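Input: a single structure, listed below in structure tokens.
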Amino acid sequence: MSERMNMAAWSGVLGTWVSIAAAGGGGYMGLQTYNDEVAKMEDARVVQTFALFDMFSSEERLLARQRILDAANGGTELVGHDLWLTLDFFDAVEICVKRGLCDQDLAVRLFQPYAVPIWNGLNAQIVGGRTESDPNMGAGLEWMAGLPTPASVSEVESLQE
């Protein structure tokens, strides 16, 4: 009888250790799966941000952007269609980033160099154009222009050294 109780005790101890090992292995596998999913989500955000950049670089938007930058620098008269096209684009970028569909750091690097001069040159007209039915006109452009400027390449390289 004593031998049976001894076997039962060892069986219980062995069962406990097997359970602990299985839980640890399962936890590790779960963590790996989670890390893989996070990496895929990050890749998807980068891909989506580059898709917006492709849209931003379309012929129609390039021409509109040039006319808007000329107007922002005081060189030409503002064309409404170009302004709406530009403002709608930056609204889309803001929504994409805030919903976690686009990568903010990449979006800042790609779009902020355009947003800042446009906002600085046309902010009074954009804010003045806000109405009760469109109280957020130009909010995406304002948001992008107001984000912290990324570090320069030379600053990043010196930090890495």
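Ordering of the structure tokens sets the chain letters (A, B, ...), residue numbers begin anew at 1 in every chain, and ligands are numbered from 1 in the order given.
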Using 10 Å as the limit and counting only C-alpha atoms, can you tabulate each residue of region 35-84 of chain A that touches region 108-121 of chain A, with its shortest atom-to-atom distance in Å and the two atoms involved, as a Markdown table?
```
| residue | atom | partner | partner_atom | distance |
| --- | --- | --- | --- | --- |
| A:Thr49 | CA | A:Leu110 | CA | 8.9 |
| A:Phe50 | CA | A:Leu110 | CA | 8.8 |
| A:Leu52 | CA | A:Leu110 | CA | 9.7 |
| A:Phe53 | CA | A:Leu110 | CA | 7.2 |
| A:Phe56 | CA | A:Phe111 | CA | 8.7 |
| A:Arg65 | CA | A:Tyr114 | CA | 8.3 |
| A:Gln66 | CA | A:Tyr114 | CA | 9.9 |
| A:Ile68 | CA | A:Ile118 | CA | 7.0 |
| A:Leu69 | CA | A:Ile118 | CA | 6.0 |
| A:Asp70 | CA | A:Ile118 | CA | 9.1 |
| A:Ala71 | CA | A:Gly121 | CA | 7.7 |
| A:Ala72 | CA | A:Gly121 | CA | 4.1 |
| A:Asn73 | CA | A:Gly121 | CA | 6.1 |
| A:Gly74 | CA | A:Gly121 | CA | 7.7 |
| A:Leu83 | CA | A:Ile118 | CA | 9.8 |
```
Would you save the residues from that selection as a compact mmCIF listing (two decimals), in the first residue's frame, using N, CA and C atoms?
```
# COMPACT_ATOMS: atom_id res chain seq x y z
N THR A 49 1.23 53.50 -45.70
CA THR A 49 1.79 54.85 -45.77
C THR A 49 2.42 55.09 -47.13
N PHE A 50 3.13 54.11 -47.66
CA PHE A 50 3.70 54.26 -49.00
C PHE A 50 2.62 54.31 -50.08
N LEU A 52 -0.24 55.82 -49.66
CA LEU A 52 -0.63 57.23 -49.63
C LEU A 52 0.41 58.10 -50.33
N PHE A 53 1.68 57.76 -50.16
CA PHE A 53 2.73 58.54 -50.84
C PHE A 53 2.61 58.41 -52.35
N PHE A 56 -0.07 60.68 -53.26
CA PHE A 56 0.42 62.04 -53.11
C PHE A 56 1.29 62.45 -54.30
N ARG A 65 -0.12 70.43 -55.82
CA ARG A 65 0.83 70.76 -54.75
C ARG A 65 1.74 71.91 -55.18
N GLN A 66 2.18 71.92 -56.42
CA GLN A 66 3.03 73.00 -56.90
C GLN A 66 2.29 74.33 -56.87
N ILE A 68 -0.30 75.07 -54.99
CA ILE A 68 -0.56 75.42 -53.59
C ILE A 68 0.71 75.99 -52.94
N LEU A 69 1.86 75.38 -53.20
CA LEU A 69 3.11 75.90 -52.64
C LEU A 69 3.42 77.28 -53.20
N ASP A 70 3.13 77.50 -54.49
CA ASP A 70 3.32 78.83 -55.08
C ASP A 70 2.42 79.85 -54.38
N ALA A 71 1.18 79.47 -54.14
CA ALA A 71 0.24 80.38 -53.46
C ALA A 71 0.68 80.61 -52.01
N ALA A 72 1.16 79.56 -51.34
CA ALA A 72 1.60 79.69 -49.95
C ALA A 72 2.81 80.62 -49.84
N ASN A 73 3.63 80.65 -50.87
CA ASN A 73 4.80 81.51 -50.88
C ASN A 73 4.48 82.89 -51.45
N GLY A 74 3.21 83.16 -51.74
CA GLY A 74 2.79 84.47 -52.21
C GLY A 74 3.05 84.71 -53.68
N LEU A 83 -6.66 73.53 -53.39
CA LEU A 83 -6.68 73.58 -51.93
C LEU A 83 -7.49 72.42 -51.36
```
Sorted per-residue table, region 85-109 of chain A near region 132-143 of chain A, closest atoms and distance, 10 Å, only C-alpha atoms, as CSV:
```
residue,atom,partner,partner_atom,distance
A:Thr86,CA,A:Leu141,CA,8.3
A:Leu87,CA,A:Gly138,CA,5.2
A:Asp88,CA,A:Gly138,CA,7.7
A:Phe89,CA,A:Gly140,CA,8.1
A:Phe90,CA,A:Gly140,CA,4.7
A:Asp91,CA,A:Gly140,CA,4.0
A:Ala92,CA,A:Gly140,CA,7.3
A:Val93,CA,A:Gly140,CA,7.0
A:Glu94,CA,A:Gly140,CA,5.3
A:Ile95,CA,A:Gly140,CA,8.0
```
Deliver the residues from the most recent selection as a file, using N, CA, C and O atoms, as an mmCIF file, in the first residue's frame.
```
data_model
loop_
_atom_site.group_PDB
_atom_site.id
_atom_site.type_symbol
_atom_site.label_atom_id
_atom_site.label_comp_id
_atom_site.auth_asym_id
_atom_site.auth_seq_id
_atom_site.Cartn_x
_atom_site.Cartn_y
_atom_site.Cartn_z
ATOM 1 N N THR A 86 -5.664 69.128 -51.644
ATOM 2 C CA THR A 86 -4.563 69.046 -50.688
ATOM 3 C C THR A 86 -5.077 68.845 -49.268
ATOM 4 O O THR A 86 -4.572 67.990 -48.532
ATOM 5 N N LEU A 87 -6.078 69.609 -48.884
ATOM 6 C CA LEU A 87 -6.617 69.490 -47.526
ATOM 7 C C LEU A 87 -7.239 68.113 -47.299
ATOM 8 O O LEU A 87 -7.043 67.507 -46.237
ATOM 9 N N ASP A 88 -7.980 67.617 -48.279
ATOM 10 C CA ASP A 88 -8.578 66.288 -48.151
ATOM 11 C C ASP A 88 -7.505 65.212 -48.008
ATOM 12 O O ASP A 88 -7.655 64.269 -47.237
ATOM 13 N N PHE A 89 -6.417 65.359 -48.739
ATOM 14 C CA PHE A 89 -5.334 64.387 -48.638
ATOM 15 C C PHE A 89 -4.760 64.360 -47.225
ATOM 16 O O PHE A 89 -4.593 63.292 -46.624
ATOM 17 N N PHE A 90 -4.458 65.517 -46.671
ATOM 18 C CA PHE A 90 -3.875 65.549 -45.328
ATOM 19 C C PHE A 90 -4.869 65.089 -44.260
ATOM 20 O O PHE A 90 -4.469 64.509 -43.257
ATOM 21 N N ASP A 91 -6.157 65.330 -44.482
ATOM 22 C CA ASP A 91 -7.169 64.770 -43.578
ATOM 23 C C ASP A 91 -7.104 63.248 -43.603
ATOM 24 O O ASP A 91 -7.187 62.591 -42.559
ATOM 25 N N ALA A 92 -6.952 62.676 -44.792
ATOM 26 C CA ALA A 92 -6.858 61.214 -44.925
ATOM 27 C C ALA A 92 -5.615 60.680 -44.228
ATOM 28 O O ALA A 92 -5.662 59.624 -43.575
ATOM 29 N N VAL A 93 -4.504 61.388 -44.335
ATOM 30 C CA VAL A 93 -3.268 60.962 -43.666
ATOM 31 C C VAL A 93 -3.470 60.967 -42.150
ATOM 32 O O VAL A 93 -3.097 60.013 -41.459
ATOM 33 N N GLU A 94 -4.077 62.021 -41.634
ATOM 34 C CA GLU A 94 -4.311 62.102 -40.193
ATOM 35 C C GLU A 94 -5.179 60.940 -39.718
ATOM 36 O O GLU A 94 -4.870 60.275 -38.724
ATOM 37 N N ILE A 95 -6.250 60.673 -40.413
ATOM 38 C CA ILE A 95 -7.152 59.580 -40.037
ATOM 39 C C ILE A 95 -6.416 58.246 -40.103
ATOM 40 O O ILE A 95 -6.526 57.416 -39.196
#
```
> Which of these, A:Ser11, A:Asn123, A:Thr131, A:Gln104, has the shortest distance to Gln48 (chain A) once you count only C-alpha atoms?
Replying inline: A:Gln104
>> Considering only C-alpha atoms, can you say which of A:Ala64, A:Leu78, A:Val47, A:Ile20 comes closest to Gln125 (chain A)?
In response: A:Leu78
>> When you look at Val46 (chain A) with a cut-off of 10 Å (counting only C-alpha atoms), what residues show up, excluding the ones that are within fewer than 3 positions of it in the same chain? I need them as a ChimeraX atom specification.
In response: /A:40-43,49-52,101-107
With all heavy atoms retained, write the just-selected residues as a compact mmCIF listing (two decimals), in the first residue's frame.
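Listed below is the output, result_26.txt:
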```
# COMPACT_ATOMS: atom_id res chain seq x y z
N LYS A 40 3.77 41.95 -38.54
CA LYS A 40 2.94 42.03 -39.75
C LYS A 40 2.13 43.32 -39.76
O LYS A 40 1.97 43.95 -40.80
CB LYS A 40 1.99 40.83 -39.83
CG LYS A 40 2.67 39.55 -40.24
CD LYS A 40 1.66 38.42 -40.28
CE LYS A 40 2.33 37.09 -40.47
NZ LYS A 40 1.37 35.98 -40.38
N MET A 41 1.60 43.70 -38.59
CA MET A 41 0.82 44.94 -38.51
C MET A 41 1.71 46.14 -38.82
O MET A 41 1.29 47.06 -39.51
CB MET A 41 0.16 45.08 -37.14
CG MET A 41 -1.01 44.16 -36.94
SD MET A 41 -1.73 44.13 -35.28
CE MET A 41 -1.48 45.74 -34.63
N GLU A 42 2.93 46.13 -38.32
CA GLU A 42 3.87 47.23 -38.58
C GLU A 42 4.19 47.30 -40.07
O GLU A 42 4.21 48.38 -40.65
CB GLU A 42 5.15 47.06 -37.76
CG GLU A 42 6.12 48.20 -37.89
CD GLU A 42 5.59 49.53 -37.40
OE1 GLU A 42 4.76 49.56 -36.48
OE2 GLU A 42 6.00 50.56 -37.97
N ASP A 43 4.42 46.15 -40.68
CA ASP A 43 4.67 46.11 -42.12
C ASP A 43 3.47 46.64 -42.89
O ASP A 43 3.63 47.39 -43.86
CB ASP A 43 4.98 44.67 -42.58
CG ASP A 43 6.34 44.19 -42.11
OD1 ASP A 43 7.17 45.03 -41.69
OD2 ASP A 43 6.58 42.97 -42.17
N THR A 49 1.23 53.50 -45.70
CA THR A 49 1.79 54.85 -45.77
C THR A 49 2.42 55.09 -47.13
O THR A 49 2.24 56.17 -47.72
CB THR A 49 2.83 55.06 -44.65
OG1 THR A 49 2.23 54.72 -43.40
CG2 THR A 49 3.32 56.49 -44.60
N PHE A 50 3.13 54.11 -47.66
CA PHE A 50 3.70 54.26 -49.00
C PHE A 50 2.62 54.31 -50.08
O PHE A 50 2.79 54.98 -51.10
CB PHE A 50 4.72 53.16 -49.30
CG PHE A 50 6.09 53.48 -48.78
CD1 PHE A 50 6.68 52.69 -47.81
CD2 PHE A 50 6.80 54.58 -49.24
CE1 PHE A 50 7.94 52.98 -47.32
CE2 PHE A 50 8.07 54.89 -48.76
CZ PHE A 50 8.63 54.08 -47.80
N ALA A 51 1.49 53.64 -49.86
CA ALA A 51 0.36 53.74 -50.80
C ALA A 51 -0.16 55.18 -50.82
O ALA A 51 -0.48 55.71 -51.90
CB ALA A 51 -0.74 52.76 -50.41
N LEU A 52 -0.24 55.82 -49.66
CA LEU A 52 -0.63 57.23 -49.63
C LEU A 52 0.41 58.10 -50.33
O LEU A 52 0.05 59.07 -51.01
CB LEU A 52 -0.82 57.70 -48.19
CG LEU A 52 -2.12 57.30 -47.51
CD1 LEU A 52 -2.11 57.72 -46.04
CD2 LEU A 52 -3.32 57.90 -48.21
N LEU A 101 -3.55 52.69 -39.01
CA LEU A 101 -3.42 52.03 -40.31
C LEU A 101 -2.17 52.46 -41.05
O LEU A 101 -1.73 51.79 -41.97
CB LEU A 101 -4.66 52.35 -41.17
CG LEU A 101 -6.00 51.95 -40.56
CD1 LEU A 101 -7.14 52.50 -41.41
CD2 LEU A 101 -6.08 50.45 -40.41
N CYS A 102 -1.60 53.60 -40.67
CA CYS A 102 -0.39 54.13 -41.28
C CYS A 102 0.65 54.38 -40.20
O CYS A 102 0.32 54.55 -39.03
CB CYS A 102 -0.68 55.45 -42.01
SG CYS A 102 -1.67 55.28 -43.48
N ASP A 103 1.90 54.41 -40.60
CA ASP A 103 3.03 54.62 -39.70
C ASP A 103 3.28 56.13 -39.55
O ASP A 103 3.55 56.81 -40.53
CB ASP A 103 4.27 53.93 -40.26
CG ASP A 103 5.45 54.07 -39.33
OD1 ASP A 103 5.48 53.35 -38.32
OD2 ASP A 103 6.31 54.92 -39.63
N GLN A 104 3.18 56.64 -38.32
CA GLN A 104 3.33 58.07 -38.10
C GLN A 104 4.72 58.58 -38.43
O GLN A 104 4.86 59.62 -39.07
CB GLN A 104 2.96 58.45 -36.67
CG GLN A 104 3.06 59.95 -36.43
CD GLN A 104 2.49 60.39 -35.11
OE1 GLN A 104 1.52 59.81 -34.64
NE2 GLN A 104 3.07 61.41 -34.52
N ASP A 105 5.77 57.89 -38.00
CA ASP A 105 7.13 58.37 -38.26
C ASP A 105 7.39 58.49 -39.76
O ASP A 105 7.95 59.49 -40.23
CB ASP A 105 8.17 57.45 -37.63
CG ASP A 105 8.15 57.50 -36.11
OD1 ASP A 105 7.71 58.53 -35.55
OD2 ASP A 105 8.56 56.52 -35.48
N LEU A 106 6.97 57.48 -40.50
CA LEU A 106 7.16 57.51 -41.95
C LEU A 106 6.31 58.60 -42.58
O LEU A 106 6.78 59.33 -43.46
CB LEU A 106 6.83 56.14 -42.55
CG LEU A 106 7.02 56.00 -44.05
CD1 LEU A 106 8.45 56.33 -44.47
CD2 LEU A 106 6.64 54.59 -44.49
N ALA A 107 5.07 58.75 -42.13
CA ALA A 107 4.19 59.79 -42.66
C ALA A 107 4.79 61.18 -42.42
O ALA A 107 4.76 62.03 -43.31
CB ALA A 107 2.80 59.69 -42.04
```
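Between CA of Cys96 (chain A) and CA of Ala124 (chain A) there is a distance of 25.5 Å.
Taking CA of Leu62 (chain A) and CA of Lys98 (chain A) as endpoints, the distance between them is 24.9 Å.
Coordinates place CA of Trp84 (chain A) at a distance of 24.3 Å from CA of Gly100 (chain A).
The shortest atom-to-atom distance to Arg67 (chain A), with only C-alpha atoms taken into account, belongs to A:Gly80 out of A:Gly24, A:Gly129, A:Gly80, A:Gly146.
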>> Using DSSP assignments from the backbone, pull out every residue in region 11-146 of chain A that falls under alpha helix (DSSP H) and give it to me as a count of residues only.
In response: 112
